[in-house]
$ cat structure.txt   # compact mmCIF, C-alpha atoms
# COMPACT_ATOMS: atom_id res chain seq x y z
CA MET P 74 141.73 93.91 100.63
CA GLU P 75 144.11 94.76 103.45
CA VAL P 76 142.97 95.78 106.95
CA GLY P 77 143.87 99.48 106.67
CA GLN P 78 141.93 99.82 103.44
CA LEU P 79 138.91 98.01 104.94
CA GLN P 80 139.05 100.29 107.99
CA ARG P 81 139.17 103.39 105.79
CA SER P 82 136.21 102.08 103.78
CA PHE P 83 134.33 101.48 107.01
CA LEU P 84 134.99 105.02 108.28
CA GLU P 85 134.02 106.58 104.95
CA TYR P 86 130.83 104.50 104.80
CA ILE P 87 129.71 105.24 108.35
CA ALA P 88 130.52 108.96 107.89
CA ALA P 89 128.27 108.95 104.81
CA LEU P 90 125.45 107.32 106.82
CA PHE P 91 125.66 110.17 109.34
CA ARG P 92 126.00 112.84 106.65
CA GLU P 93 122.97 111.49 104.73
CA GLY P 94 120.87 111.43 107.90
CA PHE P 95 120.47 107.66 108.13
CA LEU P 96 122.19 107.59 111.53
CA ASP P 97 122.44 110.05 114.40
CA GLY P 98 124.46 110.32 117.59
CA GLN P 99 122.44 107.58 119.29
CA PHE P 100 124.15 105.03 117.02
CA SER P 101 127.53 106.30 118.25
CA GLN P 102 126.32 105.85 121.82
CA LEU P 103 125.41 102.22 121.03
CA GLN P 104 128.89 101.65 119.62
CA LEU P 105 130.44 102.96 122.83
CA LEU P 106 128.58 100.28 124.80
CA GLN P 107 130.27 97.54 122.76
CA ASP P 108 133.51 96.10 124.14
CA GLU P 109 135.57 92.89 124.25
CA SER P 110 133.13 91.29 126.69
CA ASN P 111 130.24 91.91 124.28
CA PRO P 112 131.73 92.30 120.78
CA ASP P 113 128.40 91.75 118.97
CA PHE P 114 126.36 94.21 121.05
CA VAL P 115 125.49 96.62 118.22
CA VAL P 116 124.64 93.85 115.75
CA GLU P 117 122.43 92.16 118.36
CA VAL P 118 120.58 95.37 119.27
CA VAL P 119 120.08 96.33 115.62
CA SER P 120 118.94 92.78 114.76
CA LEU P 121 116.27 93.07 117.48
CA PHE P 122 115.27 96.41 115.93
CA PHE P 123 114.91 94.68 112.53
CA GLU P 124 112.70 91.92 114.01
CA ASP P 125 110.57 94.38 115.98
CA SER P 126 110.20 96.72 112.99
CA GLU P 127 109.11 93.95 110.62
CA ARG P 128 106.42 92.89 113.10
CA LEU P 129 105.25 96.48 113.62
CA LEU P 130 105.18 97.22 109.88
CA ASN P 131 103.08 94.08 109.31
CA ASP P 132 100.74 95.10 112.15
CA LEU P 133 100.43 98.60 110.67
CA THR P 134 99.67 97.23 107.21
CA LYS P 135 96.91 95.02 108.64
CA ALA P 136 95.52 97.79 110.85
CA LEU P 137 95.28 100.24 107.94
CA ASP P 138 93.55 97.57 105.85
CA GLN P 139 90.61 97.25 108.27
CA GLN P 140 87.11 98.43 107.44
CA ASN P 141 87.06 100.59 110.60
CA VAL P 142 90.55 101.96 111.07
CA ASP P 143 91.61 102.22 114.72
CA PHE P 144 93.84 105.31 114.65
CA ILE P 145 94.68 104.94 118.35
CA LYS P 146 96.04 101.43 117.73
CA ILE P 147 97.95 102.61 114.64
CA ASP P 148 99.40 105.53 116.57
CA ALA P 149 100.54 103.15 119.32
CA HIS P 150 102.36 100.97 116.76
CA VAL P 151 103.98 104.00 115.09
CA HIS P 152 104.98 105.36 118.51
CA GLN P 153 106.67 102.04 119.31
CA LEU P 154 108.49 102.02 115.95
CA LYS P 155 109.56 105.63 116.46
CA GLY P 156 110.98 104.75 119.88
CA SER P 157 112.92 101.72 118.69
CA SER P 158 114.30 103.53 115.63
CA SER P 159 115.31 106.42 117.86
CA SER P 160 117.05 104.06 120.30
CA ILE P 161 119.40 102.72 117.60
CA GLY P 162 119.90 106.09 115.88
CA ALA P 163 117.90 105.32 112.71
CA GLN P 164 117.14 109.00 112.20
CA ARG P 165 115.27 108.91 108.88
CA VAL P 166 112.98 106.10 110.08
CA LYS P 167 112.28 108.08 113.28
CA ASN P 168 111.50 111.24 111.27
CA ALA P 169 109.12 109.34 108.97
CA CYS P 170 107.36 108.01 112.08
CA ILE P 171 106.90 111.55 113.42
CA THR P 172 105.12 112.54 110.20
CA PHE P 173 103.06 109.32 110.37
CA ARG P 174 101.92 110.11 113.93
CA ASN P 175 100.75 113.56 112.79
CA CYS P 176 98.61 111.89 110.11
CA CYS P 177 97.14 109.58 112.77
CA ASP P 178 96.21 112.64 114.84
CA GLU P 179 94.39 114.03 111.79
CA ARG P 180 92.69 110.63 111.24
CA ASN P 181 93.59 110.89 107.57
CA ILE P 182 93.60 107.35 106.11
CA GLU P 183 95.12 108.32 102.74
CA ALA P 184 97.92 110.27 104.39
CA CYS P 185 98.50 107.36 106.80
CA LEU P 186 98.81 104.95 103.87
CA ARG P 187 101.35 107.27 102.21
CA CYS P 188 103.25 107.57 105.50
CA LEU P 189 103.29 103.79 105.91
CA GLN P 190 104.94 103.48 102.49
CA GLU P 191 107.45 106.17 103.44
CA VAL P 192 108.27 104.46 106.74
CA LYS P 193 108.65 101.10 104.98
CA GLN P 194 110.96 102.65 102.39
CA GLU P 195 113.12 104.39 105.01
CA TYR P 196 113.23 101.22 107.10
CA LEU P 197 114.35 99.09 104.14
CA LEU P 198 117.00 101.65 103.19
CA ALA P 199 118.30 101.77 106.77
CA LYS P 200 118.29 97.97 107.01
CA THR P 201 120.22 97.59 103.75
CA LYS P 202 122.79 100.19 104.77
CA LEU P 203 123.27 98.80 108.29
CA GLU P 204 123.63 95.26 106.95
CA ALA P 205 126.34 96.52 104.56
CA LEU P 206 128.07 98.24 107.51
CA PHE P 207 128.02 95.01 109.52
CA ARG P 208 129.45 93.05 106.56
CA LEU P 209 132.32 95.55 106.41
CA GLU P 210 132.89 95.02 110.15
CA GLN P 211 132.99 91.25 109.61
CA GLN P 212 135.56 91.67 106.82
CA ILE P 213 137.76 93.83 109.07
CA VAL P 214 137.61 91.30 111.92
CA ALA P 215 138.22 88.38 109.51
CA ALA P 216 141.31 90.20 108.22
CA GLY P 217 142.57 90.51 111.80
CA GLY P 218 141.77 94.18 112.31
CA ALA P 219 139.86 96.18 114.91
CA ILE P 220 136.69 98.12 114.15
CA PRO P 221 137.58 101.82 114.05
CA ILE P 222 135.47 104.18 116.13
CA LEU P 223 134.12 107.26 114.43
CA ASP P 224 134.35 109.76 117.27
CA GLU P 225 133.41 112.98 115.51
CA PHE P 226 129.69 112.06 115.64
CA SER P 227 129.59 110.93 119.27
$ encode --input "structure.txt" --output "structure tokens"
Amino acid sequence: MEVGQLQRSFLEYIAALFREGFLDGQFSQLQLLQDESNPDFVVEVVSLFFEDSERLLNDLTKALDQQNVDFIKIDAHVHQLKGSSSSIGAQRVKNACITFRNCCDERNIEACLRCLQEVKQEYLLAKTKLEALFRLEQQIVAAGGAIPILDEFS
């Protein structure tokens, strides 16, 4: 595939991620921080988000599996996940965390378990879609092209 076609595919794909609510303007802000001196900035930040999220999701799973559920601890984990998803622009993960925090406030274990599944699902969807976006970027660079900037969502 030639560079122009790859770049068009990239722009169409990222526009769909914004349109479908997977990403918000914070992701555009991250992209603006990337330059020649730090060409992998977005991938590095998002990779840290993936690592952090996997740890938090495991901690949440264990915490909700306890005999005596510590809703304060669970809320702290969800708050952290909400903050990190918000910082990279993972809008649907952030929104699922907001709902999860409300269930923690209500101390509703069943609702928290449902919310955990929802957060996990949204996280996995976001991860899959962002990984596909980064593969497209790699293809563009490998073909000798520059990553186009989608400025209408900034």
$ residues_around --input "structure.txt" --residues "Asn141 of chain P" --least-positions-apart "5" --cutoff "12 Å" --atoms "only C-alpha atoms" --output "number ranges by chain"
P: 135-136, 146-147, 180, 182
$ closest_residue --input "structure.txt" --among "P:Leu189, P:Val214, P:Leu209, P:Val151" --to "Leu84 of chain P" --atoms "only C-alpha atoms"
P:Leu209
$ residues_near_point --input "structure.txt" --point "(105.5, 105.3, 118.6)" --cutoff "12 Å" --atoms "all atoms listed in the file" --output "NGL selection string"
:P and (126 or 129-130 or 133 or 145-160 or 166-175 or 177)
$ atom_distance --input "structure.txt" --atom1 "atom CA of Ala205 of chain P" --atom2 "atom CA of Gln99 of chain P"
18.8 Å
$ atom_distance --input "structure.txt" --atom1 "atom CA of Arg92 of chain P" --atom2 "atom CA of Leu198 of chain P"
14.8 Å
$ axis_aligned_box --input "structure.txt" --around "segment 179-196 of chain P" --padding-each-side "4 Å" --output "lines of an AutoDock Vina configuration file"
center_x = 103.0
center_y = 107.6
center_z = 107.0
size_x = 28.5
size_y = 20.9
size_z = 17.6
$ residues_around --input "structure.txt" --residues "Leu203 of chain P" --least-positions-apart "6" --cutoff "10 Å" --atoms "all atoms listed in the file" --output "ChimeraX atom specification"
/P:87,90,95-96,116,119-120,163,197,209
$ write_last_selection --input "structure.txt" --atoms "C-alpha atoms" --output "JSON list (two decimals), in the frame of the given file"
[["chain", "number", "residue", "atom", "x", "y", "z"],
["P", 87, "ILE", "CA", 129.71, 105.24, 108.35],
["P", 90, "LEU", "CA", 125.45, 107.32, 106.82],
["P", 95, "PHE", "CA", 120.47, 107.66, 108.13],
["P", 96, "LEU", "CA", 122.19, 107.59, 111.53],
["P", 116, "VAL", "CA", 124.64, 93.85, 115.75],
["P", 119, "VAL", "CA", 120.08, 96.33, 115.62],
["P", 120, "SER", "CA", 118.94, 92.78, 114.76],
["P", 163, "ALA", "CA", 117.90, 105.32, 112.71],
["P", 197, "LEU", "CA", 114.35, 99.09, 104.14],
["P", 209, "LEU", "CA", 132.32, 95.55, 106.41]]
$ closest_residue --input "structure.txt" --among "P:Glu117, P:Glu204, P:Asp143, P:Glu210" --to "Cys185 of chain P" --atoms "all atoms listed in the file"
P:Asp143
$ closest_residue --input "structure.txt" --among "P:Ile220, P:Leu121, P:Val115, P:Cys188" --to "Phe83 of chain P" --atoms "all atoms listed in the file"
P:Ile220
$ closest_residue --input "structure.txt" --among "P:Gln107, P:Thr134, P:Ser101, P:Gln212" --to "Lys193 of chain P" --atoms "all atoms listed in the file"
P:Thr134
$ closest_residue --input "structure.txt" --among "P:Gln139, P:Asn131, P:Gln78, P:Gln164" --to "Glu195 of chain P" --atoms "all atoms listed in the file"
P:Gln164
$ atom_distance --input "structure.txt" --atom1 "atom CA of Phe100 of chain P" --atom2 "atom CA of Gly162 of chain P"
4.5 Å
$ decode --input "structure.txt" --residues "segment 147-159 of chain P" --atoms "C-alpha atoms" --output "short mmCIF file (atom, residue, chain, number, x, y, z; two decimals), in the first residue's frame"
data_model
loop_
_atom_site.label_atom_id
_atom_site.label_comp_id
_atom_site.auth_asym_id
_atom_site.auth_seq_id
_atom_site.Cartn_x
_atom_site.Cartn_y
_atom_site.Cartn_z
CA ILE P 147 -12.08 -0.25 45.20
CA ASP P 148 -13.11 3.36 44.69
CA ALA P 149 -9.46 4.45 44.96
CA HIS P 150 -8.46 1.95 42.24
CA VAL P 151 -11.34 3.02 39.98
CA HIS P 152 -10.47 6.68 40.58
CA GLN P 153 -6.89 5.98 39.50
CA LEU P 154 -8.05 4.13 36.38
CA LYS P 155 -10.46 6.95 35.56
CA GLY P 156 -7.64 9.48 35.84
CA SER P 157 -5.23 7.56 33.65
CA SER P 158 -7.86 6.83 31.00
CA SER P 159 -8.84 10.49 31.04
#
